[in-house]
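Since the structure comes first, as C-alpha cells, the remarks are kept for the end.
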Amino acid sequence: MIETDRLRPYAVSPSDSRGRRISEDESAHRSPHQRDRDRILHSTAFRRLMHKTQVFVAHEGDYYRTRLTHSLEVAQIARSAARSLRLNEDLAEAVALAHDLGHTPFGHAGEDALDEAMQAYGGFDHNAQALRVVTRLERRYAGFDGLNLTWETLEGLVKHNGPLLISGTTPEDLPFAIREVAGETDLELHTHASLEAQIAALADDIAYNVHDLDDGLQADFFTLDELRDLPLIGPLVAQVDAAHPDLARGRHKHEALRRLFSQMVEDLMTETTARVERAAPDSAEAIRNHDAPLAGFSDTMTAGIDGIRAFLFARMYRHFRVNRMTVKARTVIAEMFPLLLSEPNLLPQDWAEEAASLDHAGKARVVADYIAGMTDRFALDEHRRLTDPYTRG
C-alpha cells in the first residue's frame, strides 16, 4: 500500500477516494489507484495498443513507437515525477497508462477519418473514447461493464486537456461519450484535474516530443545536423559534439535526446514546485479549484517545445510518406464505416447483436466503437475482407 504519510496535503490520498461507480469491496493489499492501474494493464484495449501506431503504420518497422510503448514511457515519467513531488504516484501512473486507450488505428489520421464519418452522429474524439472504453466497452467482469475505475482516475482521464465546461461551453457541446458518463457520474467538468493527472498530461508532451524526434531521425526524415538550429535540442547536440567528438551517430542521437528528456522533466518539476509554492494549496480540492493549472513548463521551455513541434509538423507529420499513410487510413475507414453501418449483419456476431436493437445513430456508434478498437493490421485485413472479392471473409 502507498505510504500516505509521505504525501503532500494537496495530493490525492487513496484513503479519501470517492469510490467507484459500482460499489466493490476494496483490496486488502492494493490501494484503489493501484487496483485501477492493474485493471488498465490487464485490459484488452491496453494490449491492443501494441499494434496501434503513433505516426508510422505497424508494418513499417519494429523500431518505431507504438501506442503501447508510448503509454509505458508516459507512465514512467508520470510516476517518477509524482514520486519526487510527493504525490499519489499510483494515480498518476493509472491516468498515464489509460490516456491513449481510445485511439483508433492509424494514429490521428484514423481519428480524423472516423470523426468525419461520425459527424452526423455526434462525432468522434479519442479522449472521450478512452472514457467509453473504461466505462462501457471493456467486458471482462461479471458485475459491470468497463473497468469500474475510481472517480479520481476517471476524472484524470476525462480532463486530460483541462476543464471541459469553460465559459460559453455547455454539456451539449461535449463529445457523446463524455456526456453519457457525465449524466451518471459528476466528474466536476468545470474544474481542473488533480495535480497527479496534470503531471500525467505533461508527461505525455515530454514523451511524444522526444520520441518523435527519435523516430524521425531513424526514418531519415531529417538529420542531426538539421536539429542544430532548433531550440532546446540544438544546444544539446552541440554539447554532445564537444564532449564526445568521435561518437557514433546512434550514440550521439541517444545522448542528445537523453539530455533533452532530462531537461524537460527537470523543468516540469521546477516550474510545478514554484507554482505550487505560490498558490499554497492545502488540499486536492484546492488544486482542482485553482484558477489555472499548477503543473506546467516554464515560459522558456514552452517556447522551445513550440519550436520543436513546428519543426516536426513541417518535416515529419507532413512528410510525403506520412501523407500517403494518412490517405490510405482515410480510405480504409471511409469505406468500412458506411458499409458496416448499412449492413450491420457484416459485423461479428456480438457486435451485430448489440447493433440490432438500436436506432440508426446507435448503430453508427457501435460501428465506430468496433473500428476504433481495431489495430492497424486488423483494420487493413478487415477492409480487405469486406471489399476484396478474392479474399475470404
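Chain labels A, B, ... are given in the sequence in which chains occur in the C-alpha cells; within each chain residues are numbered consecutively from 1, and ligands are likewise numbered from 1 in the order shown.
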Non-local contacts of A:Ile233 (9 Å; only C-alpha atoms; under 2 positions in same chain excluded) as JSON, numbers by chain:
{"A": [227, 228, 229, 230, 231, 235, 236, 237, 238, 256, 257, 259, 260, 304, 308]}
Residues from last step as file, C-alpha atoms, as an mmCIF file, in the first residue's frame:
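Result saved to part00.cif:
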data_model
loop_
_atom_site.group_PDB
_atom_site.id
_atom_site.type_symbol
_atom_site.label_atom_id
_atom_site.label_comp_id
_atom_site.auth_asym_id
_atom_site.auth_seq_id
_atom_site.Cartn_x
_atom_site.Cartn_y
_atom_site.Cartn_z
ATOM 1 C CA LEU A 227 18.442 19.926 -35.352
ATOM 2 C CA ARG A 228 21.356 22.215 -34.519
ATOM 3 C CA ASP A 229 19.349 25.392 -35.124
ATOM 4 C CA LEU A 230 16.307 24.264 -33.139
ATOM 5 C CA PRO A 231 15.577 25.482 -29.605
ATOM 6 C CA PRO A 235 22.439 23.347 -27.875
ATOM 7 C CA LEU A 236 22.353 19.769 -26.598
ATOM 8 C CA VAL A 237 23.603 18.408 -29.916
ATOM 9 C CA ALA A 238 26.476 20.908 -29.642
ATOM 10 C CA ALA A 256 21.325 14.372 -27.184
ATOM 11 C CA LEU A 257 17.760 13.116 -26.785
ATOM 12 C CA ARG A 259 19.668 15.203 -22.265
ATOM 13 C CA LEU A 260 16.569 16.796 -23.791
ATOM 14 C CA GLY A 304 11.257 25.701 -27.023
ATOM 15 C CA ILE A 308 10.238 21.611 -31.851
#
Sel. of alpha helix (DSSP H) residues, stretch 240-377 of chain A, as a PyMOL selection string
chain A and resi 240-243+249-279+284-289+299-312+320-342+349-356+360-372+376-377
Separation of atom CA of A:Glu196 from atom CA of A:Glu89 in Å:
7.2 Å
Mind dumping a table of every stretch 201-318 of chain A residue within 9 Å of stretch 39-56 of chain A, with the nearest atom pair and its distance in Å to one decimal, using only C-alpha atoms, sorted by chain and rising number, as a tab-separated table?
residue	atom	partner	partner_atom	distance
A:Tyr208	CA	A:Gln54	CA	8.9
A:Asp212	CA	A:Val55	CA	8.3
A:Asp215	CA	A:Val55	CA	8.9
A:Met316	CA	A:Val55	CA	8.7
A:Tyr317	CA	A:Val55	CA	7.4
Which residues, written as an MDAnalysis selection string, have at least one atom at most 12 Å from A:Phe313, with only C-alpha atoms counted and residues fewer than 4 positions away on the same chain left out?
chainID A and resid 55 209 212:213 216 221 306:309 317:319 322:323
If we count only C-alpha atoms, what is near stretch 344-348 of chain A at a cut-off of 12 Å, once residues fewer than 6 positions away on the same chain are taken out, given as a list in words?
Met336, Phe337, Pro338, Glu354, Ala355, Ala356, Ser357, Leu358, Asp359, His360, Gly362, Lys363, Ala364, Arg365, Val366, Val367, Ala368, Asp369, Tyr370, Ile371, Glu382, His383, Arg385, Leu386, Thr387 and Gly393 of chain A
Taking 6 positions as the minimum chain separation for residues in the same chain, which residues sit within 10 Å of A:Ala372 when counting only C-alpha atoms? Answer as a list of chain:residue names.
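Answer for this query is A:Leu101, A:Gly102, A:His103, A:Thr104, A:Pro105, A:Phe106, A:Gly110, A:Glu111, A:Leu114, A:Phe124, A:His126, A:Gln129, A:Ile333, A:Val366, A:Ala379.
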From the options A:Val133, A:Leu380, A:Leu68, A:Val12, which residue's atoms come nearest to A:Lys328, counting only C-alpha atoms?
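Of A:Val133, A:Leu380, A:Leu68, A:Val12, the one nearest A:Lys328, counting only C-alpha atoms, is A:Leu380.
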Measure the distance from atom CA of A:Thr391 to atom CA of A:Arg330 in Å and round it to one decimal.
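Between atom CA of A:Thr391 and atom CA of A:Arg330 the gap is 21.0 Å.
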Straight-line distance linking atom CA of A:Ala177 with atom CA of A:Ala96, stated in Å to one decimal
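Straight-line distance from atom CA of A:Ala177 to atom CA of A:Ala96 works out to 19.4 Å.
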Could you list, as a list in words, every residue within 12 Å of A:Arg86, counting only C-alpha atoms and ignoring same-chain residues fewer than 6 positions away?
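Counting only the stated atoms, we get Ile2, Glu3, Thr4, Asp5, Arg6, Leu7, Arg8, Pro9, Tyr10, Ala11, Val12, Ser13, Ala78, Arg79, Ser80, Ala92, Leu195, Glu196, Met269 and Thr273 of chain A.
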With only C-alpha atoms as the atoms that count, which of A:Leu187, A:Ile22, A:Ala248, A:Val265 lies nearest to A:Asp205?
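Result for the nearest residue to A:Asp205: A:Val265.
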Given only C-alpha atoms as the basis, pick out the residue of A:Pro171, A:Val332, A:Ser342, A:Asp291 nearest to A:Phe378.
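Checking each candidate against A:Phe378, we get A:Val332 as the closest.
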